[in-house]
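Chemist: Take a look at run_16.csv, CSV, C-alpha atoms and all ligand atoms:
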chain,number,residue,atom,x,y,z
A,1,MET,CA,-3.0,-53.0,6.4
A,2,SER,CA,-4.9,-52.1,9.5
A,3,VAL,CA,-8.2,-50.2,9.4
A,4,ALA,CA,-6.5,-47.1,10.9
A,5,GLU,CA,-3.8,-47.2,8.1
A,6,LYS,CA,-6.4,-47.6,5.4
A,7,GLY,CA,-8.3,-44.7,6.9
A,8,SER,CA,-5.3,-42.4,6.9
A,9,GLU,CA,-4.4,-43.4,3.4
A,10,MET,CA,-7.9,-42.5,2.3
A,11,VAL,CA,-7.6,-39.1,4.0
A,12,GLU,CA,-4.3,-38.5,2.2
A,13,ARG,CA,-5.9,-39.3,-1.1
A,14,VAL,CA,-8.8,-36.9,-0.5
A,15,LYS,CA,-6.3,-34.2,0.5
A,16,PHE,CA,-4.4,-34.8,-2.8
A,17,VAL,CA,-7.5,-34.4,-4.9
A,18,VAL,CA,-8.6,-31.4,-2.9
A,19,SER,CA,-5.2,-29.8,-3.3
A,20,VAL,CA,-5.6,-29.9,-7.1
A,21,ILE,CA,-9.2,-28.6,-7.3
A,22,VAL,CA,-9.5,-26.4,-4.3
A,23,TRP,CA,-7.8,-23.3,-5.7
A,24,PRO,CA,-9.6,-23.0,-9.1
A,25,GLY,CA,-12.7,-24.4,-7.4
A,26,LEU,CA,-12.9,-21.7,-4.8
A,27,LEU,CA,-12.2,-18.9,-7.3
A,28,ALA,CA,-14.8,-20.2,-9.8
A,29,THR,CA,-17.5,-20.6,-7.0
A,30,ALA,CA,-16.8,-17.1,-5.7
A,31,LEU,CA,-17.0,-15.6,-9.2
A,32,LEU,CA,-20.2,-17.5,-10.0
A,33,LEU,CA,-21.9,-16.4,-6.7
A,34,THR,CA,-20.7,-12.8,-7.4
A,35,SER,CA,-22.2,-12.8,-10.9
A,36,TRP,CA,-25.5,-14.0,-9.4
A,37,GLY,CA,-25.2,-11.3,-6.7
A,38,MET,CA,-24.8,-8.7,-9.4
A,39,THR,CA,-28.2,-9.5,-10.9
A,40,THR,CA,-30.0,-8.9,-7.5
A,41,GLU,CA,-31.2,-5.7,-5.9
A,42,THR,CA,-28.5,-5.8,-3.3
A,43,PRO,CA,-25.2,-6.6,-5.1
A,44,ILE,CA,-22.8,-4.9,-2.6
A,45,LEU,CA,-24.4,-6.5,0.5
A,46,LEU,CA,-24.3,-9.9,-1.2
A,47,PHE,CA,-20.7,-9.4,-2.4
A,48,ASN,CA,-19.7,-8.7,1.2
A,49,LEU,CA,-21.5,-11.8,2.5
A,50,ILE,CA,-19.9,-13.9,-0.3
A,51,TYR,CA,-16.5,-12.5,0.5
A,52,VAL,CA,-16.7,-13.2,4.3
A,53,SER,CA,-18.1,-16.7,3.7
A,54,PHE,CA,-15.3,-17.3,1.2
A,55,ALA,CA,-12.6,-16.1,3.6
A,56,LEU,CA,-14.0,-18.2,6.4
A,57,THR,CA,-14.0,-21.3,4.1
A,58,VAL,CA,-10.4,-20.6,3.2
A,59,GLY,CA,-9.6,-20.3,6.9
A,60,ALA,CA,-11.3,-23.7,7.7
A,61,LEU,CA,-9.4,-25.4,4.9
A,62,GLU,CA,-6.1,-24.0,6.3
A,63,ARG,CA,-6.8,-26.0,9.4
A,64,PHE,CA,-7.7,-29.2,7.5
A,65,MET,CA,-4.8,-29.2,5.0
A,66,PRO,CA,-2.2,-26.6,5.8
A,67,TYR,CA,0.7,-26.0,3.4
A,68,GLU,CA,3.0,-25.1,6.3
A,69,VAL,CA,2.0,-26.4,9.8
A,70,SER,CA,4.3,-23.9,11.6
A,71,TRP,CA,2.2,-21.0,10.0
A,72,LEU,CA,-0.8,-22.1,12.0
A,73,LYS,CA,0.8,-20.8,15.2
A,74,ASP,CA,-0.4,-17.5,16.5
A,75,ASP,CA,2.0,-14.6,15.7
A,76,LYS,CA,0.0,-12.1,17.8
A,77,GLN,CA,-0.6,-10.0,14.6
A,78,THR,CA,-4.3,-10.8,14.0
A,79,PHE,CA,-5.5,-7.5,15.4
A,80,ALA,CA,-2.9,-5.5,13.4
A,81,ASN,CA,-3.7,-7.4,10.3
A,82,LEU,CA,-7.4,-6.8,10.6
A,83,ALA,CA,-6.9,-3.1,11.6
A,84,HIS,CA,-4.7,-2.5,8.5
A,85,THR,CA,-7.3,-4.3,6.3
A,86,LEU,CA,-10.2,-2.2,7.6
A,87,LEU,CA,-8.3,1.1,7.3
A,88,SER,CA,-7.2,0.3,3.7
A,89,LYS,CA,-10.7,-0.9,2.8
A,90,GLY,CA,-12.2,2.1,4.5
A,91,LEU,CA,-10.0,4.4,2.5
A,92,VAL,CA,-11.0,2.8,-0.7
A,93,GLN,CA,-14.7,3.3,0.2
A,94,VAL,CA,-14.0,7.0,0.9
A,95,LEU,CA,-12.1,7.4,-2.3
A,96,ILE,CA,-15.1,5.9,-4.2
A,97,VAL,CA,-17.6,8.2,-2.5
A,98,VAL,CA,-15.4,11.3,-3.1
A,99,THR,CA,-14.9,10.3,-6.7
A,100,THR,CA,-18.6,10.0,-7.1
A,101,ILE,CA,-19.4,13.2,-5.3
A,102,VAL,CA,-16.8,15.2,-7.2
A,103,GLY,CA,-18.3,13.7,-10.4
A,104,ILE,CA,-14.9,12.6,-11.8
A,105,ALA,CA,-16.5,9.3,-12.8
A,106,ASP,CA,-19.3,11.0,-14.8
A,107,ALA,CA,-16.9,13.5,-16.4
A,108,VAL,CA,-14.4,11.0,-17.8
A,109,GLN,CA,-16.6,7.9,-18.3
A,110,PRO,CA,-18.8,7.3,-21.3
A,111,ALA,CA,-22.0,5.5,-20.5
A,112,ALA,CA,-21.7,1.8,-19.9
A,113,GLY,CA,-22.0,-0.1,-23.2
A,114,SER,CA,-21.1,3.0,-25.2
A,115,THR,CA,-18.9,2.4,-28.2
A,116,GLU,CA,-17.6,6.0,-28.0
A,117,GLY,CA,-14.2,6.7,-26.5
A,118,LEU,CA,-11.4,4.1,-26.3
A,119,TRP,CA,-13.2,1.5,-24.2
A,120,PRO,CA,-14.6,-1.4,-26.2
A,121,GLY,CA,-18.0,-1.2,-24.5
A,122,ASP,CA,-19.6,-3.5,-27.1
A,123,TRP,CA,-17.4,-6.5,-26.1
A,124,PRO,CA,-18.9,-9.3,-24.0
A,125,MET,CA,-18.6,-8.3,-20.3
A,126,VAL,CA,-16.2,-11.3,-19.6
A,127,LEU,CA,-13.7,-9.9,-22.2
A,128,GLN,CA,-14.1,-6.4,-20.9
A,129,VAL,CA,-13.3,-7.6,-17.4
A,130,VAL,CA,-10.2,-9.5,-18.7
A,131,LEU,CA,-9.1,-6.3,-20.5
A,132,GLY,CA,-9.8,-4.3,-17.3
A,133,LEU,CA,-7.7,-6.7,-15.3
A,134,PHE,CA,-4.9,-6.6,-17.8
A,135,ILE,CA,-4.8,-2.8,-17.7
A,136,ALA,CA,-5.2,-2.4,-13.9
A,137,GLU,CA,-2.5,-5.1,-13.4
A,138,PHE,CA,0.0,-2.9,-15.4
A,139,GLY,CA,-0.4,-0.2,-12.7
A,140,LEU,CA,-0.5,-2.7,-9.8
A,141,TYR,CA,2.6,-4.4,-11.1
A,142,TRP,CA,4.6,-1.2,-11.3
A,143,ALA,CA,3.3,0.1,-8.0
A,144,HIS,CA,4.4,-3.1,-6.3
A,145,ARG,CA,7.7,-3.2,-8.1
A,146,LEU,CA,8.5,0.4,-7.2
A,147,ALA,CA,7.6,-0.4,-3.6
A,148,HIS,CA,10.4,-3.0,-3.6
A,149,GLU,CA,12.9,-0.7,-5.4
A,150,PHE,CA,12.5,2.7,-3.8
A,151,PRO,CA,13.6,3.0,-0.2
A,152,PHE,CA,10.8,5.5,0.6
A,153,LEU,CA,8.1,3.3,-0.7
A,154,TRP,CA,9.6,0.1,0.8
A,155,ARG,CA,9.3,1.5,4.3
A,156,PHE,CA,5.5,1.3,3.9
A,157,HIS,CA,5.4,-1.9,1.9
A,158,ALA,CA,7.6,-3.6,4.5
A,159,VAL,CA,4.6,-3.7,6.9
A,160,HIS,CA,3.0,-6.3,4.5
A,161,HIS,CA,6.2,-8.3,4.3
A,162,SER,CA,7.0,-8.3,8.0
A,163,VAL,CA,4.7,-11.2,8.7
A,164,THR,CA,6.3,-14.5,9.5
A,165,ARG,CA,3.3,-16.7,8.5
A,166,LEU,CA,1.1,-16.5,5.5
A,167,TRP,CA,-2.6,-17.1,6.0
A,168,PHE,CA,-5.9,-15.6,4.9
A,169,ILE,CA,-6.0,-13.0,7.7
A,170,ASN,CA,-2.9,-11.1,6.4
A,171,THR,CA,-4.4,-10.6,2.9
A,172,GLY,CA,-5.2,-7.0,3.6
A,173,ARG,CA,-2.3,-6.1,5.8
A,174,PHE,CA,-1.1,-3.1,3.9
A,175,HIS,CA,0.0,0.3,5.3
A,176,PHE,CA,-2.6,2.8,4.1
A,177,VAL,CA,0.0,4.8,2.2
A,178,ASP,CA,1.0,1.6,0.3
A,179,SER,CA,-2.7,1.0,-0.5
A,180,ILE,CA,-3.3,4.6,-1.7
A,181,PHE,CA,-0.2,4.3,-3.9
A,182,SER,CA,-1.5,1.1,-5.6
A,183,ILE,CA,-4.9,2.6,-6.2
A,184,VAL,CA,-3.5,5.8,-7.7
A,185,MET,CA,-1.2,3.8,-10.0
A,186,SER,CA,-3.9,1.4,-11.3
A,187,GLN,CA,-7.5,2.9,-11.2
A,188,PRO,CA,-6.9,6.1,-13.2
A,189,LEU,CA,-5.8,4.1,-16.2
A,190,LEU,CA,-9.2,2.4,-16.3
A,191,PHE,CA,-11.0,5.7,-15.7
A,192,LEU,CA,-9.2,7.5,-18.5
A,193,LEU,CA,-10.0,4.7,-20.9
A,194,GLY,CA,-13.7,5.0,-20.0
A,195,ALA,CA,-14.2,1.6,-18.5
A,196,PRO,CA,-17.8,1.2,-17.2
A,197,MET,CA,-18.5,0.9,-13.4
A,198,GLU,CA,-19.4,-2.8,-13.9
A,199,VAL,CA,-15.8,-3.5,-15.0
A,200,PHE,CA,-14.4,-1.6,-11.9
A,201,LEU,CA,-16.7,-3.7,-9.7
A,202,TRP,CA,-15.5,-7.0,-11.3
A,203,VAL,CA,-11.9,-6.0,-11.2
A,204,SER,CA,-12.3,-5.2,-7.5
A,205,ALA,CA,-14.1,-8.4,-6.8
A,206,PHE,CA,-11.6,-10.5,-8.6
A,207,THR,CA,-8.7,-8.8,-6.8
A,208,ALA,CA,-10.4,-9.4,-3.5
A,209,PHE,CA,-10.9,-13.2,-4.0
A,210,VAL,CA,-7.4,-13.7,-5.6
A,211,GLY,CA,-5.9,-11.8,-2.7
A,212,VAL,CA,-7.2,-14.2,-0.1
A,213,LEU,CA,-6.3,-17.1,-2.3
A,214,THR,CA,-2.6,-16.0,-2.8
A,215,HIS,CA,-2.1,-15.6,0.9
A,216,CYS,CA,-3.8,-18.8,2.0
A,217,ASN,CA,-1.9,-21.4,3.9
A,218,ILE,CA,-3.7,-24.3,2.1
A,219,GLU,CA,-1.8,-27.1,0.4
A,220,THR,CA,-2.5,-26.4,-3.3
A,221,ARG,CA,-1.2,-27.8,-6.6
A,222,THR,CA,-1.8,-25.1,-9.1
A,223,GLY,CA,0.2,-26.4,-12.1
A,224,VAL,CA,-0.2,-24.5,-15.3
A,225,LEU,CA,-2.2,-21.8,-13.4
A,226,ASN,CA,1.1,-20.6,-12.0
A,227,TYR,CA,1.8,-19.0,-15.4
A,228,VAL,CA,-1.5,-17.1,-15.6
A,229,LEU,CA,-2.6,-16.1,-12.1
A,230,ASN,CA,-0.9,-15.2,-8.9
A,231,THR,CA,-1.0,-18.4,-6.9
A,232,PRO,CA,0.0,-19.2,-3.3
A,233,ARG,CA,3.1,-20.9,-4.6
A,234,LEU,CA,4.3,-17.8,-6.5
A,235,HIS,CA,3.4,-15.5,-3.6
A,236,ARG,CA,5.3,-17.6,-1.1
A,237,TRP,CA,8.4,-17.0,-3.1
A,238,HIS,CA,7.5,-13.3,-3.1
A,239,HIS,CA,7.5,-13.3,0.7
A,240,SER,CA,10.9,-15.0,0.9
A,241,MET,CA,13.7,-13.2,2.9
A,242,ALA,CA,16.1,-13.9,0.0
A,243,PRO,CA,16.1,-10.9,-2.2
A,244,GLU,CA,16.5,-12.9,-5.4
A,245,GLU,CA,13.2,-14.7,-4.5
A,246,GLY,CA,11.4,-11.9,-2.8
A,247,ASN,CA,12.0,-9.2,-5.4
A,248,THR,CA,10.0,-11.2,-8.0
A,249,ASN,CA,6.3,-12.1,-8.8
A,250,TYR,CA,4.9,-8.6,-8.4
A,251,GLY,CA,1.6,-9.2,-10.1
A,252,GLU,CA,-1.4,-8.9,-7.9
A,253,ASN,CA,-3.8,-11.1,-9.9
A,254,LEU,CA,-2.1,-11.9,-13.3
A,255,MET,CA,1.5,-12.9,-14.0
A,256,VAL,CA,1.6,-11.5,-17.5
A,257,TRP,CA,3.6,-8.4,-16.6
A,258,ASP,CA,6.1,-10.4,-14.6
A,259,LEU,CA,6.6,-12.6,-17.6
A,260,ILE,CA,7.0,-9.6,-19.9
A,261,PHE,CA,9.3,-7.6,-17.6
A,262,GLY,CA,11.4,-10.6,-16.5
A,263,THR,CA,10.5,-10.7,-12.8
A,264,TYR,CA,8.6,-14.0,-12.9
A,265,PHE,CA,10.1,-16.6,-10.5
A,266,ASP,CA,9.4,-20.2,-9.7
A,267,ALA,CA,11.9,-22.9,-8.9
A,268,ASP,CA,11.7,-26.7,-8.7
A,269,ARG,CA,11.7,-26.8,-4.9
A,270,ARG,CA,9.5,-25.9,-2.0
A,271,PRO,CA,9.1,-22.1,-1.3
A,272,PRO,CA,10.6,-21.2,2.1
A,273,ALA,CA,8.7,-21.5,5.3
A,274,GLU,CA,10.9,-18.8,6.9
A,275,ILE,CA,9.5,-15.6,5.6
A,276,GLY,CA,9.6,-12.0,6.6
A,277,ILE,CA,12.0,-9.0,6.6
A,278,GLU,CA,15.5,-8.5,8.2
A,279,GLY,CA,14.8,-5.1,9.9
A,280,PRO,CA,12.7,-4.5,13.0
A,281,MET,CA,8.9,-4.0,12.9
A,282,PRO,CA,6.8,-2.8,15.8
A,283,ALA,CA,4.4,-5.4,17.1
A,284,SER,CA,1.5,-2.9,17.5
A,285,PHE,CA,-0.8,-1.6,14.8
A,286,ALA,CA,-0.1,2.0,15.8
A,287,GLY,CA,3.7,1.4,15.8
A,288,GLN,CA,3.5,-0.1,12.3
A,289,LEU,CA,1.5,3.0,11.1
A,290,PHE,CA,4.1,5.4,12.4
A,291,GLN,CA,7.4,3.5,11.7
A,292,PRO,CA,7.8,4.5,8.0
A,293,PHE,CA,7.7,8.2,9.0
A,294,LYS,CA,10.4,7.8,11.7
A,295,LYS,CA,14.1,8.2,11.0
A,296,GLU,CA,15.2,5.7,13.6
A,297,GLY,CA,14.8,1.9,13.0
A,298,ARG,CA,13.2,2.3,9.6
A,299,GLN,CA,13.4,-0.4,6.9
A,300,GLU,CA,16.2,-0.7,4.5
A,301,ILE,CA,15.6,-2.3,1.1
A,302,PRO,CA,16.8,-5.9,0.8
A,303,LEU,CA,19.1,-5.7,-2.3
A,304,SER,CA,20.0,-8.7,-4.4
B,401,ZN,ZN,5.7,-7.2,-2.0
In structure tokens, write the structure found in this file.

Modeler:
Amino acid sequence: MSVAEKGSEMVERVKFVVSVIVWPGLLATALLLTSWGMTTETPILLFNLIYVSFALTVGALERFMPYEVSWLKDDKQTFANLAHTLLSKGLVQVLIVVTTIVGIADAVQPAAGSTEGLWPGDWPMVLQVVLGLFIAEFGLYWAHRLAHEFPFLWRFHAVHHSVTRLWFINTGRFHFVDSIFSIVMSQPLLFLLGAPMEVFLWVSAFTAFVGVLTHCNIETRTGVLNYVLNTPRLHRWHHSMAPEEGNTNYGENLMVWDLIFGTYFDADRRPPAEIGIEGPMPASFAGQLFQPFKKEGRQEIPLS
């Protein structure tokens, strides 16, 4: 074997090992850094720095070991993807500010750590966050599933599904109406149960990291994790053009509700590289914002 062959065999071995550890490794590192950030004076600033560094690391790994090489090609949607992301994130911020100003949070939330009310504030924070995720996911699951089953909602959700490549940049590509619907379906459940603000922050942080990790175009081997968390493998099926594959795996972070409600899907083959939707989608950000409200050329639900 020549030196060059030995070298390339070595690279392949490294890639294999990385493909096993990269997904849980990145998530664990991001969560550890976030938990450190939360003990400092500037948790929000640090979270944003951690999030951006995390996303850029994922972006670099996509170049080093892509799952699908054809997805590395520019689809001219980067601006639209980022614009949707910023608009959706901006709205979330506004909603948080409005909620705080109106005082809804204070009105319905017992103090953090309180054992009054329904929320088990005396549990260790890790368990409270797991419970928070479990409850928020119930709302996220149904918001997502309804978006695939009701024509009116699908018109908005189709913006997310119209991409022809999956990569970290289209994590936040959601029409703002779609984003609002998900928030309204998931956050009030936690509020009504009296979850403390720390649980909200952790659920948001976890969702942010898992979102990037489910959309990433990195070669990953996630094994048994596919039954617990929403992995790239499961989400690639969800972006399939075939309705029997696409109308599955609705969980945003956890797969538990898909397993319970019978929409979990994984098959013993490679998820499709050809993804997207059948109908037309304007190329521009503004066009994508207005399309769901127009009668002409709007999206029809792909029925199985
Ligand atoms: Zn979807």

Chemist: A:Leu133, A:Ala242, A:Pro196, A:Asp122: which is nearest Ala273 of chain A, counting all atoms listed in the file?

Modeler: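 Closest to Ala273 of chain A of all the choices is A:Ala242.
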
Chemist: Quick one: which chain A residues come within 8 Å of ligand ZN 401 (chain B), and what is the nearest atom pair for each with the distance in Å to one decimal, counting only C-alpha atoms and all ligand atoms, rows ordered by chain and ascending number, as a Markdown table?

Modeler:
| residue | atom | partner | partner_atom | distance |
| --- | --- | --- | --- | --- |
| A:His144 | CA | B:ZN401 | ZN | 6.1 |
| A:Arg145 | CA | B:ZN401 | ZN | 7.6 |
| A:Ala147 | CA | B:ZN401 | ZN | 7.2 |
| A:His148 | CA | B:ZN401 | ZN | 6.5 |
| A:His157 | CA | B:ZN401 | ZN | 6.6 |
| A:Ala158 | CA | B:ZN401 | ZN | 7.7 |
| A:His160 | CA | B:ZN401 | ZN | 7.1 |
| A:His161 | CA | B:ZN401 | ZN | 6.4 |
| A:His238 | CA | B:ZN401 | ZN | 6.5 |
| A:His239 | CA | B:ZN401 | ZN | 6.9 |
| A:Gly246 | CA | B:ZN401 | ZN | 7.4 |
| A:Asn247 | CA | B:ZN401 | ZN | 7.4 |
| A:Tyr250 | CA | B:ZN401 | ZN | 6.6 |

Chemist: Taking all atoms listed in the file into account, name the residue in A:Ala60, A:Val212, A:Ala4, A:Met185 that is nearest to Thr85 of chain A.

Modeler: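 Closest to Thr85 of chain A, using all atoms listed in the file: A:Val212.
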
Chemist: Can you pull out the residues contacting Thr34 of chain A? Cut-off 9 Å, using only C-alpha atoms, and skip same-chain residues under 3 positions away; I want them as JSON, numbers by chain.

Modeler: {"A": [29, 30, 31, 37, 38, 39, 43, 46, 47, 50, 51, 202, 205]}

Chemist: For a test of reading the model, state the distance in Å between atom CA of Arg236 of chain A and atom CA of Thr214 of chain A, rounded to one decimal.

Modeler: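 Atom CA of Thr214 of chain A lies at a distance of 8.2 Å from atom CA of Arg236 of chain A.
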
Chemist: My list of candidates is A:Gly90, A:Gly172, A:Pro292, A:Pro272. Which is closest to Ser70 of chain A when distances are computed with all atoms listed in the file?

Modeler: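 Ranking A:Gly90, A:Gly172, A:Pro292, A:Pro272 by distance to Ser70 of chain A, first place goes to A:Pro272.
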
Chemist: Which residue out of A:Val159, A:Ile218, A:Ala55, A:Ile44 has the minimum interatomic distance to Ala80 of chain A when all atoms listed in the file are used?

Modeler: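 The answer is A:Val159, which sits nearest to Ala80 of chain A.
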
Chemist: Which one of A:Phe293, A:Leu225, A:Ser162, A:Pro66 sits closest to Met281 of chain A if you count all atoms listed in the file?

Modeler: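 Once distances to Met281 of chain A are computed over all atoms listed in the file, the minimum belongs to A:Ser162.
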
Chemist: Smallest atom-to-atom distance to Pro271 of chain A: which of A:Phe181, A:Trp237, A:Phe16, A:Trp257, using all atoms listed in the file?

Modeler: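 Distance minimum relative to Pro271 of chain A lands on A:Trp237.
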
Chemist: Please provide as number ranges by chain all residues within 9 Å of Val92 of chain A, with the sequence filter that same-chain residues fewer than 5 positions apart are discarded (counting only C-alpha atoms).

Modeler: A: 87, 97, 179-180, 183

Chemist: Just the selected residues (C-alpha atoms), exported as a PDB file, in the frame of the given file, please.

Modeler:
ATOM      1  CA  LEU A  87      -8.300   1.100   7.300  1.00  0.00           C
ATOM      2  CA  VAL A  97     -17.600   8.200  -2.500  1.00  0.00           C
ATOM      3  CA  SER A 179      -2.700   1.000  -0.500  1.00  0.00           C
ATOM      4  CA  ILE A 180      -3.300   4.600  -1.700  1.00  0.00           C
ATOM      5  CA  ILE A 183      -4.900   2.600  -6.200  1.00  0.00           C
TER       6      ILE A 183
END

Chemist: Could you tell me how far atom CA of Asp266 of chain A sits from atom CA of Glu245 of chain A, in Å to one decimal place?

Modeler: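 Pair atom CA of Glu245 of chain A / atom CA of Asp266 of chain A returns 8.5 Å.
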
Chemist: Could you please determine the separation between atom CA of Lys294 of chain A and atom CA of Asn81 of chain A in Å, to one decimal place?

Modeler: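 About the pair atom CA of Lys294 of chain A and atom CA of Asn81 of chain A: they are 20.8 Å apart.
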
Chemist: Please provide the set of residues having any atom within 9 Å of Val177 of chain A, restricted to all atoms listed in the file, with same-chain residues fewer than 5 positions apart removed, written as a ChimeraX atom specification.

Modeler: /A:88,153,156-157,182

Chemist: If we count only C-alpha atoms, what is near Phe290 of chain A at a cut-off of 12 Å, once residues fewer than 4 positions away on the same chain are taken out, given as a PyMOL selection string?

Modeler: chain A and resi 155-156+159+175-177+281-286+294-298

Chemist: Fix up segment 120-135 of chain A with N, CA and C atoms, then write it as a CSV table (one decimal), in the frame of the given file.

Modeler:
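Written out: out38.csv:
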chain,number,residue,atom,x,y,z
A,120,PRO,N,-13.8,-0.6,-25.3
A,120,PRO,CA,-14.6,-1.4,-26.2
A,120,PRO,C,-15.9,-1.9,-25.5
A,121,GLY,N,-16.8,-0.9,-25.3
A,121,GLY,CA,-18.0,-1.2,-24.5
A,121,GLY,C,-19.0,-2.2,-25.1
A,122,ASP,N,-18.7,-2.6,-26.4
A,122,ASP,CA,-19.6,-3.5,-27.1
A,122,ASP,C,-19.1,-5.0,-27.0
A,123,TRP,N,-17.9,-5.1,-26.3
A,123,TRP,CA,-17.4,-6.5,-26.1
A,123,TRP,C,-18.3,-7.2,-25.1
A,124,PRO,N,-18.3,-8.5,-25.1
A,124,PRO,CA,-18.9,-9.3,-24.0
A,124,PRO,C,-18.3,-8.9,-22.6
A,125,MET,N,-19.1,-8.8,-21.6
A,125,MET,CA,-18.6,-8.3,-20.3
A,125,MET,C,-17.3,-9.1,-19.8
A,126,VAL,N,-17.3,-10.4,-20.1
A,126,VAL,CA,-16.2,-11.3,-19.6
A,126,VAL,C,-14.9,-10.7,-20.2
A,127,LEU,N,-14.9,-10.4,-21.5
A,127,LEU,CA,-13.7,-9.9,-22.2
A,127,LEU,C,-13.4,-8.5,-21.7
A,128,GLN,N,-14.4,-7.7,-21.4
A,128,GLN,CA,-14.1,-6.4,-20.9
A,128,GLN,C,-13.4,-6.5,-19.5
A,129,VAL,N,-13.9,-7.4,-18.7
A,129,VAL,CA,-13.3,-7.6,-17.4
A,129,VAL,C,-11.8,-8.1,-17.5
A,130,VAL,N,-11.6,-9.0,-18.5
A,130,VAL,CA,-10.2,-9.5,-18.7
A,130,VAL,C,-9.3,-8.3,-19.1
A,131,LEU,N,-9.8,-7.5,-20.0
A,131,LEU,CA,-9.1,-6.3,-20.5
A,131,LEU,C,-8.8,-5.4,-19.3
A,132,GLY,N,-9.9,-5.2,-18.5
A,132,GLY,CA,-9.8,-4.3,-17.3
A,132,GLY,C,-8.7,-4.8,-16.4
A,133,LEU,N,-8.7,-6.1,-16.2
A,133,LEU,CA,-7.7,-6.7,-15.3
A,133,LEU,C,-6.3,-6.5,-15.8
A,134,PHE,N,-6.1,-6.7,-17.1
A,134,PHE,CA,-4.9,-6.6,-17.8
A,134,PHE,C,-4.3,-5.2,-17.7
A,135,ILE,N,-5.2,-4.2,-17.8
A,135,ILE,CA,-4.8,-2.8,-17.7
A,135,ILE,C,-4.5,-2.4,-16.3
